[in-house]
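Raw contents of run_25.pdb, PDB, C-alpha atoms:
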ATOM      1  CA  MET A   1      19.164   4.667 -22.478
ATOM      2  CA  ARG A   2      15.871   3.016 -21.515
ATOM      3  CA  GLN A   3      17.140  -0.412 -22.608
ATOM      4  CA  LEU A   4      20.271   0.079 -20.521
ATOM      5  CA  VAL A   5      18.201   0.875 -17.410
ATOM      6  CA  LEU A   6      16.032  -2.220 -17.969
ATOM      7  CA  ALA A   7      19.139  -4.378 -18.436
ATOM      8  CA  LEU A   8      20.602  -3.006 -15.201
ATOM      9  CA  PHE A   9      17.417  -3.851 -13.297
ATOM     10  CA  ARG A  10      17.400  -7.381 -14.744
ATOM     11  CA  ALA A  11      21.009  -7.840 -13.625
ATOM     12  CA  MET A  12      20.239  -6.362 -10.191
ATOM     13  CA  ALA A  13      17.296  -8.770  -9.778
ATOM     14  CA  ALA A  14      19.423 -11.773 -10.777
ATOM     15  CA  MET A  15      22.278 -10.783  -8.448
ATOM     16  CA  SER A  16      19.918 -10.019  -5.539
ATOM     17  CA  ALA A  17      18.196 -13.400  -5.933
ATOM     18  CA  LEU A  18      21.550 -15.169  -6.071
ATOM     19  CA  LEU A  19      23.047 -13.405  -3.047
ATOM     20  CA  TYR A  20      20.047 -12.746  -0.816
ATOM     21  CA  GLU A  21      17.421 -15.130  -2.232
ATOM     22  CA  ALA A  22      13.775 -14.039  -1.944
ATOM     23  CA  GLU A  23      14.449 -11.129   0.425
ATOM     24  CA  GLY A  24      16.926  -9.582  -2.002
ATOM     25  CA  LEU A  25      14.584 -10.043  -4.937
ATOM     26  CA  ASN A  26      11.675  -8.593  -2.953
ATOM     27  CA  ALA A  27      13.710  -5.444  -2.310
ATOM     28  CA  VAL A  28      14.324  -5.023  -6.039
ATOM     29  CA  LEU A  29      10.605  -5.523  -6.815
ATOM     30  CA  SER A  30       9.835  -2.479  -4.681
ATOM     31  CA  VAL A  31      11.753  -0.184  -7.060
ATOM     32  CA  MET A  32      11.691  -2.129 -10.329
ATOM     33  CA  PRO A  33      10.182  -0.552 -13.470
ATOM     34  CA  THR A  34       6.638  -1.775 -14.132
ATOM     35  CA  GLN A  35       7.492  -3.509 -17.415
ATOM     36  CA  LEU A  36       9.877  -5.917 -15.630
ATOM     37  CA  VAL A  37       7.698  -6.970 -12.676
ATOM     38  CA  GLY A  38       5.665  -9.691 -14.424
ATOM     39  CA  SER A  39       8.638 -11.284 -16.152
ATOM     40  CA  THR A  40      10.634 -11.267 -12.889
ATOM     41  CA  LEU A  41       7.790 -12.984 -11.039
ATOM     42  CA  ARG A  42       7.546 -15.587 -13.833
ATOM     43  CA  ARG A  43      11.293 -16.185 -13.802
ATOM     44  CA  HIS A  44      11.051 -17.007 -10.108
ATOM     45  CA  GLY A  45       8.147 -19.439 -10.087
ATOM     46  CA  ALA A  46       4.893 -17.495 -10.521
ATOM     47  CA  LEU A  47       2.498 -18.731 -13.210
ATOM     48  CA  ILE A  48       1.229 -15.613 -14.983
ATOM     49  CA  GLY A  49      -0.881 -15.488 -18.133
ATOM     50  CA  MET A  50      -0.646 -13.168 -21.110
ATOM     51  CA  ARG A  51      -1.410  -9.427 -21.025
ATOM     52  CA  VAL A  52      -1.008  -9.080 -17.247
ATOM     53  CA  ARG A  53       0.237  -5.758 -15.841
ATOM     54  CA  PHE A  54       1.782  -5.313 -12.396
ATOM     55  CA  LEU A  55       2.503  -1.693 -11.557
ATOM     56  CA  SER A  56       5.427  -1.090  -9.233
ATOM     57  CA  PRO A  57       6.108  -0.933  -6.390
ATOM     58  CA  LEU A  58       5.015  -4.424  -5.392
ATOM     59  CA  THR A  59       5.648  -5.970  -1.972
ATOM     60  CA  ILE A  60       5.807  -9.743  -1.577
ATOM     61  CA  HIS A  61       5.689 -11.253   1.909
ATOM     62  CA  ASN A  62       6.603 -14.873   2.695
ATOM     63  CA  ALA A  63       8.135 -15.851  -0.606
ATOM     64  CA  ALA A  64       9.227 -19.493  -0.637
ATOM     65  CA  ALA A  65      12.796 -20.439   0.223
ATOM     66  CA  LYS A  66      13.181 -22.412  -3.018
ATOM     67  CA  PRO A  67      15.532 -20.834  -5.579
ATOM     68  CA  ARG A  68      13.831 -20.139  -8.929
ATOM     69  CA  ALA A  69      10.466 -20.854  -7.248
ATOM     70  CA  PHE A  70      10.257 -18.014  -4.726
ATOM     71  CA  TYR A  71       6.872 -16.948  -6.070
ATOM     72  CA  GLY A  72       5.436 -20.403  -6.783
ATOM     73  CA  ASN A  73       2.311 -19.682  -4.715
ATOM     74  CA  LEU A  74       1.192 -16.950  -7.144
ATOM     75  CA  ARG A  75      -1.067 -18.015 -10.027
ATOM     76  CA  VAL A  76      -2.552 -15.350 -12.331
ATOM     77  CA  GLY A  77      -4.763 -15.818 -15.395
ATOM     78  CA  GLN A  78      -4.827 -13.651 -18.493
ATOM     79  CA  ASP A  79      -5.755  -9.993 -19.016
ATOM     80  CA  CYS A  80      -5.330  -8.937 -15.372
ATOM     81  CA  TYR A  81      -4.269  -5.620 -13.863
ATOM     82  CA  PHE A  82      -2.522  -5.072 -10.513
ATOM     83  CA  GLY A  83      -2.233  -1.500  -9.234
ATOM     84  CA  ARG A  84       0.570   0.147  -7.317
ATOM     85  CA  GLN A  85       1.652  -0.609  -3.746
ATOM     86  CA  LEU A  86       0.141  -4.083  -3.463
ATOM     87  CA  LEU A  87       1.060  -6.439  -0.633
ATOM     88  CA  LEU A  88       0.803 -10.113  -1.575
ATOM     89  CA  ASP A  89       1.362 -12.676   1.204
ATOM     90  CA  LEU A  90       2.537 -15.905  -0.435
ATOM     91  CA  GLN A  91       2.607 -18.122   2.663
ATOM     92  CA  ASP A  92      -0.230 -19.999   0.913
ATOM     93  CA  GLN A  93      -1.486 -19.819  -2.665
ATOM     94  CA  ILE A  94      -3.041 -16.746  -4.262
ATOM     95  CA  LEU A  95      -5.032 -17.674  -7.373
ATOM     96  CA  VAL A  96      -6.289 -14.859  -9.605
ATOM     97  CA  GLU A  97      -8.357 -15.917 -12.612
ATOM     98  CA  ASP A  98      -8.725 -14.118 -15.989
ATOM     99  CA  ASN A  99      -9.916 -10.513 -16.429
ATOM    100  CA  VAL A 100      -9.411  -9.457 -12.801
ATOM    101  CA  THR A 101      -8.531  -5.914 -11.739
ATOM    102  CA  ILE A 102      -6.876  -5.367  -8.369
ATOM    103  CA  SER A 103      -6.541  -1.668  -7.637
ATOM    104  CA  HIS A 104      -3.882   0.300  -5.757
ATOM    105  CA  ARG A 105      -2.811  -0.489  -2.175
ATOM    106  CA  VAL A 106      -4.719  -3.758  -1.914
ATOM    107  CA  THR A 107      -3.469  -6.288   0.645
ATOM    108  CA  ILE A 108      -4.049 -10.021   0.162
ATOM    109  CA  LEU A 109      -3.131 -12.147   3.193
ATOM    110  CA  THR A 110      -2.927 -15.942   3.259
ATOM    111  CA  HIS A 111      -1.776 -16.509   6.828
ATOM    112  CA  THR A 112      -2.062 -15.377  10.435
ATOM    113  CA  ASP A 113       0.807 -15.677  12.886
ATOM    114  CA  VAL A 114       0.990 -13.626  16.089
ATOM    115  CA  GLY A 115       4.753 -14.163  16.280
ATOM    116  CA  GLU A 116       6.154 -13.715  19.770
ATOM    117  CA  SER A 117       2.838 -12.719  21.382
ATOM    118  CA  PRO A 118       1.690 -15.085  24.149
ATOM    119  CA  LEU A 119      -1.596 -15.366  22.210
ATOM    120  CA  GLY A 120       0.206 -17.895  20.015
ATOM    121  CA  ASP A 121       0.230 -20.370  22.906
ATOM    122  CA  GLY A 122      -3.099 -21.939  21.977
ATOM    123  CA  LEU A 123      -5.409 -18.915  21.850
ATOM    124  CA  LEU A 124      -4.473 -17.844  18.326
ATOM    125  CA  PRO A 125      -2.314 -20.547  16.722
ATOM    126  CA  PRO A 126      -0.721 -19.909  13.327
ATOM    127  CA  SER A 127      -3.019 -20.629  10.397
ATOM    128  CA  GLN A 128      -2.997 -20.284   6.634
ATOM    129  CA  ALA A 129      -5.392 -20.696   3.732
ATOM    130  CA  PRO A 130      -5.369 -19.808   0.021
ATOM    131  CA  VAL A 131      -7.137 -16.801  -1.478
ATOM    132  CA  ILE A 132      -9.026 -17.173  -4.770
ATOM    133  CA  ILE A 133     -10.222 -14.281  -6.904
ATOM    134  CA  ARG A 134     -12.514 -15.526  -9.646
ATOM    135  CA  ARG A 135     -12.858 -14.361 -13.233
ATOM    136  CA  GLY A 136     -13.851 -10.760 -13.909
ATOM    137  CA  ALA A 137     -13.770  -9.622 -10.267
ATOM    138  CA  TYR A 138     -12.775  -6.097  -9.268
ATOM    139  CA  ILE A 139     -10.981  -5.295  -5.998
ATOM    140  CA  GLY A 140     -11.133  -1.586  -5.083
ATOM    141  CA  ALA A 141      -8.268   0.523  -3.750
ATOM    142  CA  GLY A 142      -7.079  -0.190  -0.231
ATOM    143  CA  ALA A 143      -9.158  -3.344   0.233
ATOM    144  CA  LEU A 144      -7.907  -6.086   2.557
ATOM    145  CA  ILE A 145      -8.582  -9.730   1.633
ATOM    146  CA  LEU A 146      -8.081 -12.151   4.542
ATOM    147  CA  PRO A 147      -6.905 -15.798   4.415
ATOM    148  CA  GLY A 148      -9.277 -18.414   2.997
ATOM    149  CA  VAL A 149     -11.498 -15.939   1.134
ATOM    150  CA  GLU A 150     -12.919 -16.615  -2.322
ATOM    151  CA  VAL A 151     -14.136 -13.609  -4.320
ATOM    152  CA  GLY A 152     -16.723 -14.814  -6.851
ATOM    153  CA  GLU A 153     -16.944 -14.201 -10.589
ATOM    154  CA  LEU A 154     -17.705 -10.579 -11.531
ATOM    155  CA  ALA A 155     -17.889  -9.592  -7.859
ATOM    156  CA  VAL A 156     -16.933  -6.088  -6.724
ATOM    157  CA  VAL A 157     -15.040  -5.385  -3.498
ATOM    158  CA  GLY A 158     -15.388  -1.697  -2.619
ATOM    159  CA  ALA A 159     -12.456   0.531  -1.748
ATOM    160  CA  GLY A 160     -11.238   0.038   1.809
ATOM    161  CA  ALA A 161     -13.361  -3.043   2.459
ATOM    162  CA  VAL A 162     -12.095  -5.755   4.807
ATOM    163  CA  VAL A 163     -13.152  -9.090   3.315
ATOM    164  CA  THR A 164     -13.395 -11.741   6.044
ATOM    165  CA  LYS A 165     -15.612 -14.276   4.251
ATOM    166  CA  ASP A 166     -16.424 -15.435   0.713
ATOM    167  CA  VAL A 167     -17.992 -12.959  -1.714
ATOM    168  CA  PRO A 168     -20.716 -14.473  -3.920
ATOM    169  CA  PRO A 169     -20.542 -14.097  -7.718
ATOM    170  CA  LEU A 170     -21.877 -10.730  -8.980
ATOM    171  CA  ALA A 171     -22.079  -9.332  -5.430
ATOM    172  CA  VAL A 172     -20.941  -5.837  -4.482
ATOM    173  CA  VAL A 173     -19.433  -5.748  -0.984
ATOM    174  CA  VAL A 174     -18.313  -2.739   1.059
ATOM    175  CA  GLY A 175     -17.367  -1.891   4.618
ATOM    176  CA  VAL A 176     -15.558  -3.291   7.627
ATOM    177  CA  PRO A 177     -16.263  -6.143   7.701
ATOM    178  CA  ALA A 178     -17.406  -6.302   4.073
ATOM    179  CA  ARG A 179     -21.108  -6.968   3.525
ATOM    180  CA  VAL A 180     -23.219  -7.378   0.385
ATOM    181  CA  ILE A 181     -25.053  -4.200  -0.622
ATOM    182  CA  GLU A 182     -26.075  -5.178  -4.154
ATOM    183  CA  VAL A 183     -26.130  -8.054  -6.636
ATOM    184  CA  LEU A 184     -25.293  -7.117 -10.221
ATOM    185  CA  THR A 185     -27.334  -8.282 -13.215
ATOM    186  CA  PRO A 186     -25.022  -8.017 -16.226
ATOM    187  CA  GLU A 187     -26.058  -8.478 -19.831
ATOM    188  CA  ALA A 188     -25.901 -12.069 -21.055
ATOM    189  CA  SER A 189     -23.461 -10.961 -23.780
ATOM    190  CA  LEU A 190     -20.935  -9.828 -21.132
ATOM    191  CA  LEU A 191     -21.181 -13.155 -19.330
ATOM    192  CA  GLN A 192     -20.727 -15.052 -22.584
ATOM    193  CA  ARG A 193     -17.796 -12.889 -23.719
ATOM    194  CA  ILE A 194     -15.715 -13.707 -20.649
ATOM    195  CA  GLY A 195     -16.973 -17.270 -20.293
ATOM    196  CA  VAL A 196     -18.993 -16.922 -17.097
ATOM    197  CA  GLN A 197     -21.957 -19.239 -16.599
ATOM    198  CA  GLN A 198     -25.263 -17.408 -16.332
ATOM    199  CA  PRO A 199     -26.703 -17.607 -12.782
TER     200      PRO A 199
END

Rewrite the structure from the file as structure tokens, please.
Amino acid sequence: MRQLVLALFRAMAAMSALLYEAEGLNAVLSVMPTQLVGSTLRRHGALIGMRVRFLSPLTIHNAAAKPRAFYGNLRVGQDCYFGRQLLLDLQDQILVEDNVTISHRVTILTHTDVGESPLGDGLLPPSQAPVIIRRGAYIGAGALILPGVEVGELAVVGAGAVVTKDVPPLAVVVGVPARVIEVLTPEASLLQRIGVQQP
């Protein structure tokens, strides 16, 4: 029975992508069983390493309009974990290196566009920039990562933090806006095991 359900979801994803392109596929991702999310993203352009888990539901915003490459702006290393109810904005690239954990309800934005607001007439023009999350970082539940941010190696973003600027390696940031409250000093063996250069 389980295999039949998985086969039905695969067929639903293929048909949705064919008929409604990225929007149709995005709708299916919001209800798709966890074990199919990573392979569906790969099939449609994302580069995802081995042993990566995406829990469903997952919401993708601004997928590309290119068939079979809808999710081409998503690059994920190996041994990563993505919690439930994520929002990933793929207007620009999101790069997640190896051994990263992104907890539940995290939002990663790569663009700003005020839409029909008159603020778009020069005061707040549309902009976009990639987001990079370096090796071994941890992003706590409900955090918001804004466009152009780089989260350093083995950095920790606390739950609910709003990250408006780069987070240094090994830093712990919390709050709105996020600020450094601590710098970690891990054992050299941990750094060596995951291939991080010692500071």

Can you write out as JSON lines which residues of region 5-69 of chain A fall within 12 Å of region 105-109 of chain A, alongside each residue's closest atom pair and its distance in Å to one decimal, counting all atoms listed in the file and ordering rows by chain and ascending residue number?
{"residue": "A:Leu55", "atom": "CA", "partner": "A:Arg105", "partner_atom": "CA", "distance": 10.8}
{"residue": "A:Ser56", "atom": "CA", "partner": "A:Arg105", "partner_atom": "CA", "distance": 10.9}
{"residue": "A:Pro57", "atom": "CA", "partner": "A:Arg105", "partner_atom": "CA", "distance": 9.9}
{"residue": "A:Leu58", "atom": "CA", "partner": "A:Arg105", "partner_atom": "CA", "distance": 9.3}
{"residue": "A:Thr59", "atom": "CA", "partner": "A:Thr107", "partner_atom": "CA", "distance": 9.5}
{"residue": "A:Ile60", "atom": "CA", "partner": "A:Ile108", "partner_atom": "CA", "distance": 10.0}
{"residue": "A:His61", "atom": "CA", "partner": "A:Leu109", "partner_atom": "CA", "distance": 9.0}
{"residue": "A:Asn62", "atom": "CA", "partner": "A:Leu109", "partner_atom": "CA", "distance": 10.1}

Please write the residues picked by the PyMOL selection byres ((chain A and resi 144) around 10) on this file as a tab-separated table (two decimals) with C-alpha atoms, keeping the file's coordinate frame.
chain	number	residue	atom	x	y	z
A	87	LEU	CA	1.06	-6.44	-0.63
A	105	ARG	CA	-2.81	-0.49	-2.17
A	106	VAL	CA	-4.72	-3.76	-1.91
A	107	THR	CA	-3.47	-6.29	0.64
A	108	ILE	CA	-4.05	-10.02	0.16
A	109	LEU	CA	-3.13	-12.15	3.19
A	139	ILE	CA	-10.98	-5.30	-6.00
A	140	GLY	CA	-11.13	-1.59	-5.08
A	141	ALA	CA	-8.27	0.52	-3.75
A	142	GLY	CA	-7.08	-0.19	-0.23
A	143	ALA	CA	-9.16	-3.34	0.23
A	145	ILE	CA	-8.58	-9.73	1.63
A	146	LEU	CA	-8.08	-12.15	4.54
A	147	PRO	CA	-6.90	-15.80	4.42
A	157	VAL	CA	-15.04	-5.38	-3.50
A	159	ALA	CA	-12.46	0.53	-1.75
A	160	GLY	CA	-11.24	0.04	1.81
A	161	ALA	CA	-13.36	-3.04	2.46
A	162	VAL	CA	-12.10	-5.76	4.81
A	163	VAL	CA	-13.15	-9.09	3.32
A	164	THR	CA	-13.40	-11.74	6.04
A	176	VAL	CA	-15.56	-3.29	7.63
A	177	PRO	CA	-16.26	-6.14	7.70
A	178	ALA	CA	-17.41	-6.30	4.07

Practice task
Can you work out the spacing between CA of Ile181 (chain A) and CA of Pro169 (chain A) in Å, to one decimal?
Solution key: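 Taking CA of Ile181 (chain A) as the start and CA of Pro169 (chain A) as the end point, the length is 13.0 Å.
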
Practice task
Using all atoms listed in the file, find the one residue out of A:Ala14, A:Asp98, A:Glu153, A:Leu74 that sits nearest to Asp166 (chain A).
Solution key: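 Selected residue with least distance to Asp166 (chain A): A:Glu153.
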
Handout entry: Result set, the PyMOL selection byres ((chain A and resi 27) around 10) on current file, as a list in words
Key =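 When the PyMOL selection byres ((chain A and resi 27) around 10) is applied, the selected residues are Ala13, Ser16, Ala17, Tyr20, Ala22, Glu23, Gly24, Leu25, Asn26, Val28, Leu29, Ser30, Val31, Met32, Pro57, Leu58, Thr59 and Ile60 of chain A.
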
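Using all atoms listed in the file, the smallest distance between any of A:Gly45, A:Pro126, A:Pro186, A:Gly77 and Ala155 (chain A) comes from A:Pro186.
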
Using the block above, I'd like region 51-88 of chain A written out, keeping N, CA and C atoms and formatting it as a PDB file, in the first residue's frame.
ATOM      1  N   ARG A  51      22.255  11.852   1.571  1.00  0.00           N
ATOM      2  CA  ARG A  51      21.797  11.837   2.971  1.00  0.00           C
ATOM      3  C   ARG A  51      21.225  13.186   3.409  1.00  0.00           C
ATOM      4  N   VAL A  52      20.401  13.772   2.560  1.00  0.00           N
ATOM      5  CA  VAL A  52      19.722  15.037   2.860  1.00  0.00           C
ATOM      6  C   VAL A  52      18.251  14.734   3.079  1.00  0.00           C
ATOM      7  N   ARG A  53      17.692  15.252   4.172  1.00  0.00           N
ATOM      8  CA  ARG A  53      16.273  15.033   4.492  1.00  0.00           C
ATOM      9  C   ARG A  53      15.527  16.356   4.484  1.00  0.00           C
ATOM     10  N   PHE A  54      14.460  16.417   3.698  1.00  0.00           N
ATOM     11  CA  PHE A  54      13.510  17.524   3.709  1.00  0.00           C
ATOM     12  C   PHE A  54      12.210  16.981   4.289  1.00  0.00           C
ATOM     13  N   LEU A  55      11.765  17.513   5.408  1.00  0.00           N
ATOM     14  CA  LEU A  55      10.471  17.104   5.926  1.00  0.00           C
ATOM     15  C   LEU A  55       9.398  17.945   5.249  1.00  0.00           C
ATOM     16  N   SER A  56       8.245  17.331   5.009  1.00  0.00           N
ATOM     17  CA  SER A  56       7.157  18.079   4.384  1.00  0.00           C
ATOM     18  C   SER A  56       6.241  18.625   5.485  1.00  0.00           C
ATOM     19  N   PRO A  57       5.510  19.678   5.235  1.00  0.00           N
ATOM     20  CA  PRO A  57       5.404  20.388   3.972  1.00  0.00           C
ATOM     21  C   PRO A  57       6.557  21.361   3.739  1.00  0.00           C
ATOM     22  N   LEU A  58       6.814  21.621   2.478  1.00  0.00           N
ATOM     23  CA  LEU A  58       7.841  22.563   2.046  1.00  0.00           C
ATOM     24  C   LEU A  58       7.181  23.542   1.089  1.00  0.00           C
ATOM     25  N   THR A  59       7.448  24.836   1.274  1.00  0.00           N
ATOM     26  CA  THR A  59       6.912  25.854   0.373  1.00  0.00           C
ATOM     27  C   THR A  59       8.056  26.503  -0.388  1.00  0.00           C
ATOM     28  N   ILE A  60       7.950  26.490  -1.707  1.00  0.00           N
ATOM     29  CA  ILE A  60       8.932  27.139  -2.574  1.00  0.00           C
ATOM     30  C   ILE A  60       8.264  28.365  -3.195  1.00  0.00           C
ATOM     31  N   HIS A  61       8.950  29.490  -3.121  1.00  0.00           N
ATOM     32  CA  HIS A  61       8.459  30.730  -3.727  1.00  0.00           C
ATOM     33  C   HIS A  61       9.433  31.121  -4.829  1.00  0.00           C
ATOM     34  N   ASN A  62       8.902  31.611  -5.940  1.00  0.00           N
ATOM     35  CA  ASN A  62       9.713  32.078  -7.068  1.00  0.00           C
ATOM     36  C   ASN A  62      10.560  30.991  -7.715  1.00  0.00           C
ATOM     37  N   ALA A  63       9.969  29.847  -7.938  1.00  0.00           N
ATOM     38  CA  ALA A  63      10.669  28.830  -8.722  1.00  0.00           C
ATOM     39  C   ALA A  63      10.834  29.357 -10.146  1.00  0.00           C
ATOM     40  N   ALA A  64      11.871  28.919 -10.810  1.00  0.00           N
ATOM     41  CA  ALA A  64      12.160  29.383 -12.175  1.00  0.00           C
ATOM     42  C   ALA A  64      11.078  28.903 -13.143  1.00  0.00           C
ATOM     43  N   ALA A  65      10.964  29.576 -14.246  1.00  0.00           N
ATOM     44  CA  ALA A  65       9.971  29.218 -15.266  1.00  0.00           C
ATOM     45  C   ALA A  65      10.539  28.247 -16.294  1.00  0.00           C
ATOM     46  N   LYS A  66      11.641  27.580 -15.974  1.00  0.00           N
ATOM     47  CA  LYS A  66      12.278  26.666 -16.910  1.00  0.00           C
ATOM     48  C   LYS A  66      11.875  25.227 -16.584  1.00  0.00           C
ATOM     49  N   PRO A  67      11.172  24.545 -17.468  1.00  0.00           N
ATOM     50  CA  PRO A  67      10.816  23.151 -17.208  1.00  0.00           C
ATOM     51  C   PRO A  67      12.047  22.308 -16.890  1.00  0.00           C
ATOM     52  N   ARG A  68      11.899  21.407 -15.957  1.00  0.00           N
ATOM     53  CA  ARG A  68      12.953  20.502 -15.470  1.00  0.00           C
ATOM     54  C   ARG A  68      14.073  21.252 -14.753  1.00  0.00           C
ATOM     55  N   ALA A  69      13.943  22.563 -14.577  1.00  0.00           N
ATOM     56  CA  ALA A  69      14.942  23.332 -13.831  1.00  0.00           C
ATOM     57  C   ALA A  69      14.256  24.340 -12.913  1.00  0.00           C
ATOM     58  N   PHE A  70      13.041  24.032 -12.488  1.00  0.00           N
ATOM     59  CA  PHE A  70      12.292  24.949 -11.632  1.00  0.00           C
ATOM     60  C   PHE A  70      13.083  25.332 -10.382  1.00  0.00           C
ATOM     61  N   TYR A  71      13.811  24.375  -9.838  1.00  0.00           N
ATOM     62  CA  TYR A  71      14.489  24.583  -8.559  1.00  0.00           C
ATOM     63  C   TYR A  71      16.003  24.705  -8.728  1.00  0.00           C
ATOM     64  N   GLY A  72      16.435  25.194  -9.874  1.00  0.00           N
ATOM     65  CA  GLY A  72      17.856  25.313 -10.184  1.00  0.00           C
ATOM     66  C   GLY A  72      18.628  26.260  -9.284  1.00  0.00           C
ATOM     67  N   ASN A  73      17.952  27.133  -8.554  1.00  0.00           N
ATOM     68  CA  ASN A  73      18.649  28.042  -7.636  1.00  0.00           C
ATOM     69  C   ASN A  73      18.864  27.450  -6.253  1.00  0.00           C
ATOM     70  N   LEU A  74      18.552  26.166  -6.076  1.00  0.00           N
ATOM     71  CA  LEU A  74      18.765  25.504  -4.780  1.00  0.00           C
ATOM     72  C   LEU A  74      19.937  24.545  -4.886  1.00  0.00           C
ATOM     73  N   ARG A  75      20.951  24.770  -4.053  1.00  0.00           N
ATOM     74  CA  ARG A  75      22.148  23.921  -4.006  1.00  0.00           C
ATOM     75  C   ARG A  75      22.354  23.488  -2.552  1.00  0.00           C
ATOM     76  N   VAL A  76      22.380  22.172  -2.318  1.00  0.00           N
ATOM     77  CA  VAL A  76      22.499  21.636  -0.962  1.00  0.00           C
ATOM     78  C   VAL A  76      23.611  20.602  -0.941  1.00  0.00           C
ATOM     79  N   GLY A  77      24.480  20.688   0.056  1.00  0.00           N
ATOM     80  CA  GLY A  77      25.564  19.717   0.232  1.00  0.00           C
ATOM     81  C   GLY A  77      25.062  18.399   0.777  1.00  0.00           C
ATOM     82  N   GLN A  78      25.932  17.683   1.444  1.00  0.00           N
ATOM     83  CA  GLN A  78      25.596  16.368   1.987  1.00  0.00           C
ATOM     84  C   GLN A  78      25.255  16.445   3.472  1.00  0.00           C
ATOM     85  N   ASP A  79      24.523  15.427   3.932  1.00  0.00           N
ATOM     86  CA  ASP A  79      24.217  15.253   5.359  1.00  0.00           C
ATOM     87  C   ASP A  79      23.527  16.472   5.960  1.00  0.00           C
ATOM     88  N   CYS A  80      22.503  16.976   5.287  1.00  0.00           N
ATOM     89  CA  CYS A  80      21.753  18.140   5.770  1.00  0.00           C
ATOM     90  C   CYS A  80      20.343  17.724   6.175  1.00  0.00           C
ATOM     91  N   TYR A  81      19.746  18.532   7.037  1.00  0.00           N
ATOM     92  CA  TYR A  81      18.387  18.292   7.516  1.00  0.00           C
ATOM     93  C   TYR A  81      17.586  19.584   7.394  1.00  0.00           C
ATOM     94  N   PHE A  82      16.376  19.476   6.835  1.00  0.00           N
ATOM     95  CA  PHE A  82      15.466  20.603   6.681  1.00  0.00           C
ATOM     96  C   PHE A  82      14.162  20.242   7.372  1.00  0.00           C
ATOM     97  N   GLY A  83      13.776  21.015   8.374  1.00  0.00           N
ATOM     98  CA  GLY A  83      12.560  20.738   9.134  1.00  0.00           C
ATOM     99  C   GLY A  83      11.288  21.070   8.374  1.00  0.00           C
ATOM    100  N   ARG A  84      10.180  20.895   9.060  1.00  0.00           N
ATOM    101  CA  ARG A  84       8.865  21.113   8.465  1.00  0.00           C
ATOM    102  C   ARG A  84       8.544  22.602   8.286  1.00  0.00           C
ATOM    103  N   GLN A  85       7.668  22.867   7.342  1.00  0.00           N
ATOM    104  CA  GLN A  85       7.090  24.185   7.084  1.00  0.00           C
ATOM    105  C   GLN A  85       8.122  25.258   6.746  1.00  0.00           C
ATOM    106  N   LEU A  86       9.120  24.873   5.947  1.00  0.00           N
ATOM    107  CA  LEU A  86      10.099  25.848   5.468  1.00  0.00           C
ATOM    108  C   LEU A  86       9.515  26.660   4.323  1.00  0.00           C
ATOM    109  N   LEU A  87      10.005  27.897   4.187  1.00  0.00           N
ATOM    110  CA  LEU A  87       9.720  28.719   3.014  1.00  0.00           C
ATOM    111  C   LEU A  87      11.064  29.074   2.398  1.00  0.00           C
ATOM    112  N   LEU A  88      11.289  28.615   1.179  1.00  0.00           N
ATOM    113  CA  LEU A  88      12.523  28.905   0.453  1.00  0.00           C
ATOM    114  C   LEU A  88      12.181  29.762  -0.759  1.00  0.00           C
TER     115      LEU A  88
END
